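The structure appears right after this line, and notes come after that.
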Protein chains: 2
Amino acid sequence: MRISTFDTTLRDGTQGESVSYSVDDKLLIAQKLDELGIDYIEGGWPGSNPKDKEFFSRAKDLRLKHSRLTAFGSTRFAKNPVHEDRNVAALLEADTPVVSIFGKSWELHTTRALGVTEAENQALIFETVQFIKDHGREVVYDAEHFFDGYIDNPDFALRTLEAAQKAGADVLCLCDTNGGTLTGRLAEIVSEVRKRFDGVIGIHPHNDSDVAVANALAAIEQGATHVQGCMNGYGERCGNANLASIIANLELKLGHTVIGSEKLTTLASVTRYIAELANLPLRRDQPFVGHSAFAHKGGIHVSAVLKDSATYEHISPEAVGNRQRVLVSDLSGRGNVLYKLRQHGLADRLTEEARRELLERIKEMEYLGYELEAAEGTFELLVREALRPGQHFFSVENYEVVTKSGVGGATRSTATVNLSALDGVHSATASGHGPVHALDLCLRKCLAGLYPQIADVRLTDYKVRVLEPKKGTAAKVRVLVEWSDHRKSWSTVGVSDDVIEASWNALVDAIRLELMRITEEDGALDKAVEDYCWGV
Amino acid sequence: MRISTFDTTLRDGTQGESVSYSVDDKLLIAQKLDELGIDYIEGGWPGSNPKDKEFFSRAKDLRLKHSRLTAFGSTRFAKNPVHEDRNVAALLEADTPVVSIFGKSWELHTTRALGVTEAENQALIFETVQFIKDHGREVVYDAEHFFDGYIDNPDFALRTLEAAQKAGADVLCLCDTNGGTLTGRLAEIVSEVRKRFDGVIGIHPHNDSDVAVANALAAIEQGATHVQGCMNGYGERCGNANLASIIANLELKLGHTVIGSEKLTTLASVTRYIAELANLPLRRDQPFVGHSAFAHKGGIHVSAVLKDSATYEHISPEAVGNRQRVLVSDLSGRGNVLYKLRQHGLADRLTEEARRELLERIKEMEYLGYELEAAEGTFELLVREALRPGQHFFSVENYEVVTKSGVGGATRSTATVNLSALDGVHSATASGHGPVHALDLCLRKCLAGLYPQIADVRLTDYKVRVLEPKKGTAAKVRVLVEWSDHRKSWSTVGVSDDVIEASWNALVDAIRLELMRITEEDGALDKAVEDYCWGV
């Protein structure tokens, strides 16, 4: 059966602690969810804050191919007529094809939080849904706290759904807002609702009892055909149901159609992309998509998996764009590298000696903390250097950067770089916003005459991690820099106890890599690297 | 009903990627699990590695009050008579009251991984269980891959249970080893087993489908009375079922007796203790016990929770030793900030005007990218400054830091800081590992005479993220620095387009905050802050 997916990463997801997106982030995520084939993207609550308002305004320029953008808001305020309610007006101004409206299903909330009678509450729901419908929108009615409300007073809760349905709501979505309902009870209640209501029933579970994904699946088994959740299970408190897990289970285990098997193979990379923008590490043990999801550590497991991967894998990792990993020892990682080179016919282009040296160098760098798995640009540079030894393009004589505080506390950073290139020695001095910017400007000034193409390469993200927290400010740090040349993105990494040196190394590697690429098109290597960098 | 808990944090849990305990850690965890009232503690596989062997040897000195220590191992090797099998002998040498033995239930594994016939497989199970029983141990029989095996060939799988039961196994534990079984199907299979077998049925789910906790609960609803899992859901691949969540659900929602309500109030601290020893951060969003599990961020949620906490909390946080938190961010209404102040009688010490200014300042800082929710140190400083306006301790005249490349590419960073304090003007110059270290050394040199206590404050983590990726190296960055003074930890945040300036601001704020704390003991404020920072 076809199950509709409703993603609320951009609305409910942002209520998670430590989750925060810029408007740019939100637009990028919406684009990505569209590519994944999500049916509804809830973008925010235009009436509640300026950021969400700006999102909807700028989202009009998105060219979504599949997803229907959704604005979220509450029923009208009790004291306002619906056509004079600012929150409701903001929903229409968001100009989305779909609007989701939440209303109260629980007597406790109706009387205590809202302070209205049952009849008034029904009027809030009915009038708001009808008003939005009259303006030509599809309406998803979110019955907040439906399960708690039903358990407390079933008839009260069911009558709120009736009000929404009579007003023309297209979806009646049952929310387990507090996440406290266990699977058995939730399934019974969905089944009762299914018996009484035609049309589309939705489910919106939270994970406070650690059973949100199971609850979503149980509701679907009882006849719900619309499921709400967040990518990576972000959301208030313990998060919303993890939509990625739900999609994988529905497609691979319950025989439903959601996004289709082809798009399913991009699931892991989409979840990583969203985690990246949230600046939260993707949980290694996250089902289906985490780096450890198909990682085998126990000796018995490994030897069985090598005979037949079904022995310890519930699905094929490739079905969700993930892959098997074997954590036997550090050596197995080295084996993977060689395997990748061989797979694309590159291993033969390296002598036995060069291959051993490459592996030694990777091993040493990983030992120093380089984590090449996350820095595919640095890995690519190592491979290209091994293929073309002695090709350095330029050598850095020295560099210096001074950061001085100025008036009002604002600082000024000035760098000087001296380097030798094919056309002689170059020196440059530049001031910038911070030391890395100043160094970057100098490097480009020195090389622009000889290699004008490097102007296309720009930094898109910059992250610093302390590797040895116990050493305080003297600790070794790892700088991970993400770059883009408008066609693709890659990362380079630098490790040092000086953050400037680590940044400089990552900067120089990125420029050197671009020069390698510019001066030799190498299809097989591109493929190998792309494959290695998969999903990172 | 009484449900037995079987914790395998020390065995299956250690197969998780990045999970590793020393023998000392394992002994400490066993002690803690005993205090929590866990019935069985699976300590390891004595036949598989020297660490586990040492653990059992030293565990004899543990004085467990409640828990029964359990050694884990496989059925005998096909080629060995049971009394000559070294692995089986090691199980007896471990000298535990309980032994868990795993055997094969799935034809695929029996024929492909073990390479034995069905009759031989049954003999392995029967003889091993009987041999261990003959030596006076309680035996938990783990039917590995039971659900996959049952789905593939129900009779084959059931006959393996019969072999274990005939040999005298005290518990027949059904394992979803690959974690691929969904809740509905799993419940049906447990129900079938329950009909055919008397005695104790156990359940051992893995989380590969993101439904492990629901599966454990469903099995118990179908008559299982023994449940296996790991604290914090550690374990191979996506982990085992999270035993902490299972215990809380059974006690608080399903009316079973597990560890009792008194010990349940220590659940959060036990899970944190174990995470601490694993050197893994406890997931903030971990149900029941995570720092965010009862953290409210959305303005509507906060205002409702202030009226009645049941409106957005599925249980009382105190029941599991956790507590309610209200987060301050750009999503927060005035309620979030006031709540913090009011809770500890501080709201009255700020005028209406000062309160409004504080809130405005918070919103403005959030807008600039400060993310105060993650930087409670900076929030605390804002509150303290509002309470004691004009109290600055020192003012920075200027600072400068120079980073120069040296021989072999290594850099040297030297900083100079000039500041005025109560006892006059101070200047310091210092070289360090990187510019932040050099600045930190200078600041401490300048202030050490007047405030020797700041020597206790040290940096424990340092993170940088770019706020406006599109601007490349000129982008604004946010620096989040974590500090500790050996008693507690807190974070400060700096935002600037210069990473040095952002780091400097976070550094100065941390020192200024420590001085505020040192110079005014303020019980109410300390309590408020401790509450706010609690557990961070």
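Chain labels A, B, ... are given in the sequence in which chains occur in the structure tokens; within each chain residues are numbered consecutively from 1, and ligands are likewise numbered from 1 in the order shown.
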
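Cα RMSD between chain A and chain B, computed after least-squares fitting of the latter onto the former across all residues in order: 4.9 Å.
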
Contact residues around region 318-322 of chain A with only C-alpha atoms at 10 Å, ignoring same-chain residues under 5 positions, as an mmCIF file with all heavy atoms, in the first residue's frame:
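As a result, part.cif now contains:
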```cif
data_model
loop_
_atom_site.group_PDB
_atom_site.id
_atom_site.type_symbol
_atom_site.label_atom_id
_atom_site.label_comp_id
_atom_site.auth_asym_id
_atom_site.auth_seq_id
_atom_site.Cartn_x
_atom_site.Cartn_y
_atom_site.Cartn_z
ATOM 1 N N ALA A 244 13.529 8.094 8.994
ATOM 2 C CA ALA A 244 14.415 7.258 8.167
ATOM 3 C C ALA A 244 14.197 5.779 8.483
ATOM 4 O O ALA A 244 14.085 4.944 7.578
ATOM 5 C CB ALA A 244 15.871 7.650 8.401
ATOM 6 N N SER A 245 14.110 5.448 9.774
ATOM 7 C CA SER A 245 13.878 4.047 10.159
ATOM 8 C C SER A 245 12.501 3.578 9.710
ATOM 9 O O SER A 245 12.325 2.427 9.288
ATOM 10 C CB SER A 245 13.969 3.884 11.677
ATOM 11 O OG SER A 245 15.246 4.233 12.151
ATOM 12 N N ILE A 247 10.712 4.647 7.154
ATOM 13 C CA ILE A 247 10.701 4.441 5.703
ATOM 14 C C ILE A 247 11.365 3.113 5.351
ATOM 15 O O ILE A 247 10.836 2.324 4.570
ATOM 16 C CB ILE A 247 11.417 5.627 5.006
ATOM 17 C CG1 ILE A 247 10.550 6.889 5.107
ATOM 18 C CG2 ILE A 247 11.724 5.290 3.546
ATOM 19 C CD1 ILE A 247 11.253 8.169 4.641
ATOM 20 N N ALA A 248 12.520 2.855 5.944
ATOM 21 C CA ALA A 248 13.242 1.616 5.632
ATOM 22 C C ALA A 248 12.419 0.389 6.021
ATOM 23 O O ALA A 248 12.308 -0.574 5.257
ATOM 24 C CB ALA A 248 14.597 1.604 6.336
ATOM 25 N N GLU A 251 9.380 0.003 3.577
ATOM 26 C CA GLU A 251 9.765 -0.427 2.227
ATOM 27 C C GLU A 251 10.319 -1.853 2.220
ATOM 28 O O GLU A 251 9.999 -2.644 1.349
ATOM 29 C CB GLU A 251 10.858 0.504 1.674
ATOM 30 C CG GLU A 251 10.376 1.868 1.241
ATOM 31 C CD GLU A 251 9.879 1.884 -0.212
ATOM 32 O OE1 GLU A 251 10.021 0.862 -0.914
ATOM 33 O OE2 GLU A 251 9.333 2.936 -0.612
ATOM 34 N N LEU A 252 11.185 -2.143 3.199
ATOM 35 C CA LEU A 252 11.945 -3.393 3.120
ATOM 36 C C LEU A 252 11.288 -4.549 3.848
ATOM 37 O O LEU A 252 11.580 -5.698 3.574
ATOM 38 C CB LEU A 252 13.360 -3.186 3.681
ATOM 39 C CG LEU A 252 14.219 -2.172 2.922
ATOM 40 C CD1 LEU A 252 15.511 -1.897 3.682
ATOM 41 C CD2 LEU A 252 14.538 -2.686 1.517
ATOM 42 N N SER A 261 12.283 1.920 -4.059
ATOM 43 C CA SER A 261 13.559 1.300 -3.705
ATOM 44 C C SER A 261 14.759 2.071 -4.247
ATOM 45 O O SER A 261 15.836 2.032 -3.659
ATOM 46 C CB SER A 261 13.603 -0.155 -4.165
ATOM 47 O OG SER A 261 13.398 -0.186 -5.563
ATOM 48 N N GLU A 262 14.583 2.790 -5.336
ATOM 49 C CA GLU A 262 15.730 3.509 -5.900
ATOM 50 C C GLU A 262 16.143 4.662 -4.993
ATOM 51 O O GLU A 262 17.313 4.812 -4.634
ATOM 52 C CB GLU A 262 15.363 4.033 -7.282
ATOM 53 C CG GLU A 262 16.582 4.415 -8.095
ATOM 54 C CD GLU A 262 16.188 4.930 -9.477
ATOM 55 O OE1 GLU A 262 15.234 4.365 -10.070
ATOM 56 O OE2 GLU A 262 16.806 5.909 -9.920
ATOM 57 N N LYS A 263 15.153 5.468 -4.599
ATOM 58 C CA LYS A 263 15.482 6.587 -3.709
ATOM 59 C C LYS A 263 15.916 6.093 -2.331
ATOM 60 O O LYS A 263 16.668 6.780 -1.638
ATOM 61 C CB LYS A 263 14.283 7.531 -3.593
ATOM 62 C CG LYS A 263 14.111 8.307 -4.895
ATOM 63 C CD LYS A 263 13.005 9.303 -4.859
ATOM 64 C CE LYS A 263 13.099 10.191 -6.103
ATOM 65 N NZ LYS A 263 11.886 11.001 -6.299
ATOM 66 N N LEU A 264 15.426 4.922 -1.957
ATOM 67 C CA LEU A 264 15.820 4.372 -0.659
ATOM 68 C C LEU A 264 17.344 4.219 -0.562
ATOM 69 O O LEU A 264 17.911 4.352 0.529
ATOM 70 C CB LEU A 264 15.136 3.013 -0.458
ATOM 71 C CG LEU A 264 15.254 2.396 0.938
ATOM 72 C CD1 LEU A 264 14.568 3.269 1.984
ATOM 73 C CD2 LEU A 264 14.646 0.987 0.956
ATOM 74 N N THR A 265 17.985 4.000 -1.693
ATOM 75 C CA THR A 265 19.450 3.833 -1.653
ATOM 76 C C THR A 265 20.173 5.153 -1.356
ATOM 77 O O THR A 265 21.380 5.164 -1.165
ATOM 78 C CB THR A 265 20.007 3.273 -2.982
ATOM 79 O OG1 THR A 265 19.713 4.200 -4.024
ATOM 80 C CG2 THR A 265 19.401 1.923 -3.315
ATOM 81 N N THR A 266 19.441 6.258 -1.303
ATOM 82 C CA THR A 266 20.077 7.535 -0.935
ATOM 83 C C THR A 266 19.788 7.895 0.527
ATOM 84 O O THR A 266 20.201 8.955 1.006
ATOM 85 C CB THR A 266 19.585 8.691 -1.823
ATOM 86 O OG1 THR A 266 18.196 8.942 -1.544
ATOM 87 C CG2 THR A 266 19.737 8.363 -3.297
ATOM 88 N N LEU A 267 19.062 7.020 1.216
ATOM 89 C CA LEU A 267 18.618 7.353 2.578
ATOM 90 C C LEU A 267 19.788 7.698 3.509
ATOM 91 O O LEU A 267 19.761 8.706 4.220
ATOM 92 C CB LEU A 267 17.813 6.182 3.163
ATOM 93 C CG LEU A 267 17.130 6.448 4.500
ATOM 94 C CD1 LEU A 267 15.981 7.447 4.337
ATOM 95 C CD2 LEU A 267 16.563 5.145 5.095
ATOM 96 N N ALA A 268 20.824 6.867 3.488
ATOM 97 C CA ALA A 268 21.948 7.103 4.404
ATOM 98 C C ALA A 268 22.596 8.452 4.127
ATOM 99 O O ALA A 268 22.898 9.216 5.053
ATOM 100 C CB ALA A 268 22.977 5.972 4.277
ATOM 101 N N SER A 269 22.776 8.785 2.866
ATOM 102 C CA SER A 269 23.457 10.055 2.593
ATOM 103 C C SER A 269 22.576 11.243 2.970
ATOM 104 O O SER A 269 23.083 12.264 3.438
ATOM 105 C CB SER A 269 23.955 10.126 1.152
ATOM 106 O OG SER A 269 22.888 10.284 0.270
ATOM 107 N N VAL A 270 21.264 11.130 2.817
ATOM 108 C CA VAL A 270 20.380 12.236 3.222
ATOM 109 C C VAL A 270 20.439 12.437 4.741
ATOM 110 O O VAL A 270 20.541 13.572 5.227
ATOM 111 C CB VAL A 270 18.921 11.977 2.772
ATOM 112 C CG1 VAL A 270 17.977 13.007 3.381
ATOM 113 C CG2 VAL A 270 18.826 12.015 1.248
ATOM 114 N N PHE A 288 19.867 1.278 10.425
ATOM 115 C CA PHE A 288 19.876 1.399 8.968
ATOM 116 C C PHE A 288 20.994 2.294 8.420
ATOM 117 O O PHE A 288 21.711 1.902 7.520
ATOM 118 C CB PHE A 288 18.523 1.897 8.419
ATOM 119 C CG PHE A 288 17.382 0.965 8.695
ATOM 120 C CD1 PHE A 288 16.491 1.202 9.744
ATOM 121 C CD2 PHE A 288 17.208 -0.187 7.928
ATOM 122 C CE1 PHE A 288 15.453 0.326 10.007
ATOM 123 C CE2 PHE A 288 16.157 -1.072 8.189
ATOM 124 C CZ PHE A 288 15.285 -0.817 9.235
ATOM 125 N N VAL A 289 21.157 3.522 8.953
ATOM 126 C CA VAL A 289 22.019 4.498 8.291
ATOM 127 C C VAL A 289 23.310 4.828 9.034
ATOM 128 O O VAL A 289 24.191 5.479 8.473
ATOM 129 C CB VAL A 289 21.251 5.806 8.023
ATOM 130 C CG1 VAL A 289 20.047 5.539 7.127
ATOM 131 C CG2 VAL A 289 20.804 6.454 9.334
ATOM 132 N N GLY A 290 23.440 4.435 10.290
ATOM 133 C CA GLY A 290 24.630 4.781 11.064
ATOM 134 C C GLY A 290 25.863 4.045 10.534
ATOM 135 O O GLY A 290 25.751 3.005 9.875
ATOM 136 N N HIS A 291 27.033 4.601 10.862
ATOM 137 C CA HIS A 291 28.273 3.966 10.399
ATOM 138 C C HIS A 291 28.473 2.582 11.001
ATOM 139 O O HIS A 291 29.158 1.751 10.438
ATOM 140 C CB HIS A 291 29.482 4.846 10.759
ATOM 141 C CG HIS A 291 29.614 6.039 9.869
ATOM 142 N ND1 HIS A 291 30.048 5.946 8.575
ATOM 143 C CD2 HIS A 291 29.350 7.344 10.072
ATOM 144 C CE1 HIS A 291 30.053 7.147 8.029
ATOM 145 N NE2 HIS A 291 29.633 8.015 8.919
ATOM 146 N N SER A 292 27.906 2.359 12.187
ATOM 147 C CA SER A 292 28.071 1.056 12.825
ATOM 148 C C SER A 292 26.931 0.095 12.508
ATOM 149 O O SER A 292 26.944 -1.032 12.992
ATOM 150 C CB SER A 292 28.129 1.209 14.350
ATOM 151 O OG SER A 292 29.122 2.106 14.731
ATOM 152 N N ALA A 293 25.950 0.545 11.732
ATOM 153 C CA ALA A 293 24.731 -0.265 11.574
ATOM 154 C C ALA A 293 25.016 -1.626 10.964
ATOM 155 O O ALA A 293 24.294 -2.590 11.213
ATOM 156 C CB ALA A 293 23.684 0.490 10.754
ATOM 157 N N PHE A 294 26.073 -1.705 10.168
ATOM 158 C CA PHE A 294 26.455 -2.997 9.587
ATOM 159 C C PHE A 294 27.941 -3.250 9.842
ATOM 160 O O PHE A 294 28.655 -3.754 8.995
ATOM 161 C CB PHE A 294 26.117 -3.028 8.091
ATOM 162 C CG PHE A 294 24.652 -2.784 7.837
ATOM 163 C CD1 PHE A 294 24.169 -1.501 7.582
ATOM 164 C CD2 PHE A 294 23.741 -3.824 7.896
ATOM 165 C CE1 PHE A 294 22.818 -1.265 7.385
ATOM 166 C CE2 PHE A 294 22.385 -3.607 7.710
ATOM 167 C CZ PHE A 294 21.916 -2.320 7.451
ATOM 168 N N TRP A 534 32.050 7.988 -0.511
ATOM 169 C CA TRP A 534 30.640 7.699 -0.396
ATOM 170 C C TRP A 534 30.067 8.142 0.946
ATOM 171 O O TRP A 534 30.531 7.741 1.991
ATOM 172 C CB TRP A 534 30.455 6.201 -0.580
ATOM 173 C CG TRP A 534 29.210 5.719 0.011
ATOM 174 C CD1 TRP A 534 28.009 5.601 -0.594
ATOM 175 C CD2 TRP A 534 29.023 5.325 1.358
ATOM 176 N NE1 TRP A 534 27.099 5.166 0.287
ATOM 177 C CE2 TRP A 534 27.669 4.993 1.501
ATOM 178 C CE3 TRP A 534 29.845 5.252 2.475
ATOM 179 C CZ2 TRP A 534 27.126 4.569 2.681
ATOM 180 C CZ3 TRP A 534 29.293 4.832 3.657
ATOM 181 C CH2 TRP A 534 27.950 4.494 3.739
ATOM 182 N N GLY A 535 29.077 8.949 0.815
ATOM 183 C CA GLY A 535 28.249 9.220 1.985
ATOM 184 C C GLY A 535 28.904 10.039 3.082
ATOM 185 O O GLY A 535 28.252 10.344 4.067
#
```

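Between chain A and the candidates B:Gly103, B:Gly37, B:Pro154, B:Gly369, the tightest atom-to-atom separation, counting only C-alpha atoms, involves B:Gly369.
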
List the neighbours of Val200 (chain A) out to 10 Å using only C-alpha atoms; skip same-chain residues closer than 6 positions along the sequence, and give me the result as number ranges by chain. A: 4, 140, 169-173, 194, 223-226

Just to be explicit: take each residue in the selection above, keep N, CA and C atoms, and write the result as a compact mmCIF listing (two decimals), in the first residue's frame.
```txt
# COMPACT_ATOMS: atom_id res chain seq x y z
N SER A 4 1.90 7.76 2.88
CA SER A 4 2.44 9.11 2.71
C SER A 4 3.40 9.44 3.83
N VAL A 140 -3.91 19.22 6.92
CA VAL A 140 -3.60 18.09 7.79
C VAL A 140 -3.99 18.52 9.19
N ALA A 169 -11.08 18.56 6.84
CA ALA A 169 -9.66 18.19 6.96
C ALA A 169 -9.35 16.99 6.05
N ASP A 170 -8.21 17.06 5.37
CA ASP A 170 -7.84 15.99 4.43
C ASP A 170 -7.17 14.82 5.13
N VAL A 171 -6.51 15.10 6.23
CA VAL A 171 -5.85 14.06 7.02
C VAL A 171 -6.20 14.28 8.48
N LEU A 172 -6.55 13.22 9.19
CA LEU A 172 -6.71 13.30 10.65
C LEU A 172 -5.49 12.61 11.24
N CYS A 173 -4.59 13.42 11.77
CA CYS A 173 -3.33 12.84 12.26
C CYS A 173 -3.35 12.73 13.78
N ARG A 194 -9.96 4.08 13.27
CA ARG A 194 -10.11 3.60 11.88
C ARG A 194 -11.53 3.13 11.63
N GLY A 223 -4.12 0.57 9.92
CA GLY A 223 -4.85 1.30 8.88
C GLY A 223 -4.46 2.75 8.68
N ALA A 224 -3.51 3.28 9.46
CA ALA A 224 -3.03 4.63 9.16
C ALA A 224 -2.26 4.59 7.85
N THR A 225 -2.35 5.67 7.05
CA THR A 225 -1.65 5.67 5.75
C THR A 225 -0.82 6.95 5.58
N HIS A 226 -0.62 7.66 6.68
CA HIS A 226 0.14 8.92 6.64
C HIS A 226 0.99 8.91 7.90
```

In terms of the shortest atom-to-atom distance over only C-alpha atoms, which of A:Ala30, A:Ala354, A:Val499, A:Cys446 is closest to chain B?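 Under the stated criterion, the closest residue is A:Val499.
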
Output as a ChimeraX atom specification all residues of region 313-450 of chain B that backbone DSSP marks as strand (DSSP E or B). /B:325-326,394-405,411-421,424-432

Selection from above, N, CA, C and O atoms, as a CSV table (one decimal), in the first residue's frame, can you write it?
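Resulting contents of result35.csv:
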```csv
chain,number,residue,atom,x,y,z
B,325,ARG,N,13.7,20.3,32.7
B,325,ARG,CA,14.6,21.5,32.4
B,325,ARG,C,13.8,22.4,31.4
B,325,ARG,O,13.0,21.9,30.6
B,326,VAL,N,14.1,23.6,31.5
B,326,VAL,CA,13.5,24.6,30.6
B,326,VAL,C,14.6,25.2,29.8
B,326,VAL,O,15.6,25.7,30.4
B,394,PHE,N,38.1,43.1,35.5
B,394,PHE,CA,39.3,43.6,34.7
B,394,PHE,C,38.8,44.0,33.4
B,394,PHE,O,37.7,43.7,33.0
B,395,SER,N,39.6,44.9,32.8
B,395,SER,CA,39.2,45.3,31.4
B,395,SER,C,40.4,45.1,30.5
B,395,SER,O,41.5,45.4,30.9
B,396,VAL,N,40.2,44.5,29.4
B,396,VAL,CA,41.2,44.2,28.4
B,396,VAL,C,41.6,45.4,27.6
B,396,VAL,O,40.7,46.1,27.0
B,397,GLU,N,42.8,45.9,27.7
B,397,GLU,CA,43.3,47.0,26.9
B,397,GLU,C,43.5,46.6,25.5
B,397,GLU,O,42.9,47.2,24.6
B,398,ASN,N,44.3,45.6,25.3
B,398,ASN,CA,44.5,45.0,24.0
B,398,ASN,C,45.2,43.7,24.0
B,398,ASN,O,45.7,43.3,25.1
B,399,TYR,N,45.1,43.0,22.9
B,399,TYR,CA,45.9,41.7,22.9
B,399,TYR,C,46.3,41.5,21.4
B,399,TYR,O,45.8,42.1,20.5
B,400,GLU,N,47.3,40.6,21.3
B,400,GLU,CA,47.8,40.4,20.0
B,400,GLU,C,48.4,39.0,20.0
B,400,GLU,O,48.9,38.5,21.0
B,401,VAL,N,48.3,38.3,18.9
B,401,VAL,CA,48.9,37.0,18.8
B,401,VAL,C,49.5,36.8,17.4
B,401,VAL,O,48.9,37.2,16.4
B,402,VAL,N,50.7,36.3,17.4
B,402,VAL,CA,51.4,36.1,16.2
B,402,VAL,C,51.7,34.6,16.0
B,402,VAL,O,52.2,33.9,16.9
B,403,THR,N,51.4,34.1,14.9
B,403,THR,CA,51.7,32.7,14.6
B,403,THR,C,52.6,32.6,13.4
B,403,THR,O,52.3,33.2,12.4
B,404,LYS,N,53.8,32.0,13.6
B,404,LYS,CA,54.8,32.0,12.5
B,404,LYS,C,55.2,30.6,12.2
B,404,LYS,O,55.3,29.8,13.1
B,405,SER,N,55.3,30.3,10.9
B,405,SER,CA,55.8,28.9,10.6
B,405,SER,C,57.3,28.9,10.9
B,405,SER,O,58.0,29.9,10.7
B,411,THR,N,54.7,25.4,13.7
B,411,THR,CA,54.5,26.8,14.0
B,411,THR,C,54.7,27.2,15.4
B,411,THR,O,54.8,26.3,16.3
B,412,ARG,N,54.9,28.5,15.6
B,412,ARG,CA,55.1,29.0,17.0
B,412,ARG,C,54.1,30.1,17.2
B,412,ARG,O,54.1,31.0,16.3
B,413,SER,N,53.3,30.1,18.2
B,413,SER,CA,52.4,31.2,18.5
B,413,SER,C,52.8,31.9,19.7
B,413,SER,O,53.0,31.3,20.8
B,414,THR,N,52.8,33.2,19.6
B,414,THR,CA,53.2,34.1,20.8
B,414,THR,C,52.1,35.2,20.9
B,414,THR,O,51.7,35.8,20.0
B,415,ALA,N,51.7,35.3,22.2
B,415,ALA,CA,50.6,36.3,22.4
B,415,ALA,C,51.1,37.4,23.4
B,415,ALA,O,52.0,37.1,24.2
B,416,THR,N,50.5,38.5,23.3
B,416,THR,CA,50.7,39.6,24.3
B,416,THR,C,49.4,40.1,24.7
B,416,THR,O,48.5,40.4,23.9
B,417,VAL,N,49.2,40.3,26.0
B,417,VAL,CA,47.9,40.8,26.6
B,417,VAL,C,48.2,41.9,27.5
B,417,VAL,O,49.1,41.8,28.3
B,418,ASN,N,47.4,43.0,27.4
B,418,ASN,CA,47.5,44.1,28.3
B,418,ASN,C,46.1,44.3,28.9
B,418,ASN,O,45.1,44.4,28.2
B,419,LEU,N,46.0,44.3,30.3
B,419,LEU,CA,44.7,44.5,30.9
B,419,LEU,C,44.9,45.3,32.2
B,419,LEU,O,46.0,45.3,32.8
B,420,SER,N,43.8,46.0,32.6
B,420,SER,CA,43.8,46.7,33.9
B,420,SER,C,42.9,45.9,34.8
B,420,SER,O,41.8,45.5,34.5
B,421,ALA,N,43.4,45.7,36.0
B,421,ALA,CA,42.6,45.1,37.1
B,421,ALA,C,42.6,46.0,38.3
B,421,ALA,O,43.2,47.1,38.2
B,424,GLY,N,46.0,47.4,39.3
B,424,GLY,CA,46.8,48.1,38.3
B,424,GLY,C,46.8,47.4,36.9
B,424,GLY,O,46.0,46.5,36.7
B,425,VAL,N,47.8,47.9,36.1
B,425,VAL,CA,47.8,47.4,34.7
B,425,VAL,C,48.8,46.2,34.7
B,425,VAL,O,49.8,46.2,35.4
B,426,HIS,N,48.4,45.2,33.9
B,426,HIS,CA,49.3,44.0,33.8
B,426,HIS,C,49.5,43.8,32.3
B,426,HIS,O,48.6,43.9,31.5
B,427,SER,N,50.8,43.3,32.1
B,427,SER,CA,51.1,42.9,30.7
B,427,SER,C,51.7,41.5,30.8
B,427,SER,O,52.5,41.2,31.7
B,428,ALA,N,51.5,40.7,29.8
B,428,ALA,CA,52.1,39.4,29.8
B,428,ALA,C,52.3,39.0,28.3
B,428,ALA,O,51.6,39.3,27.5
B,429,THR,N,53.4,38.3,28.1
B,429,THR,CA,53.7,37.7,26.8
B,429,THR,C,54.0,36.2,27.1
B,429,THR,O,54.6,35.9,28.0
B,430,ALA,N,53.5,35.4,26.2
B,430,ALA,CA,53.7,34.0,26.4
B,430,ALA,C,53.6,33.3,25.0
B,430,ALA,O,52.9,33.7,24.1
B,431,SER,N,54.4,32.2,24.9
B,431,SER,CA,54.3,31.4,23.7
B,431,SER,C,53.6,30.1,24.1
B,431,SER,O,53.7,29.6,25.2
B,432,GLY,N,52.8,29.6,23.1
B,432,GLY,CA,52.0,28.4,23.5
B,432,GLY,C,51.8,27.5,22.3
B,432,GLY,O,52.3,27.8,21.2
```

Quick check, in Å to one decimal: how far apart do CA of Gln122 (chain B) and CA of Gly13 (chain B) lie?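 Atom-to-atom, CA of Gln122 (chain B) and CA of Gly13 (chain B) are spaced 28.0 Å apart.
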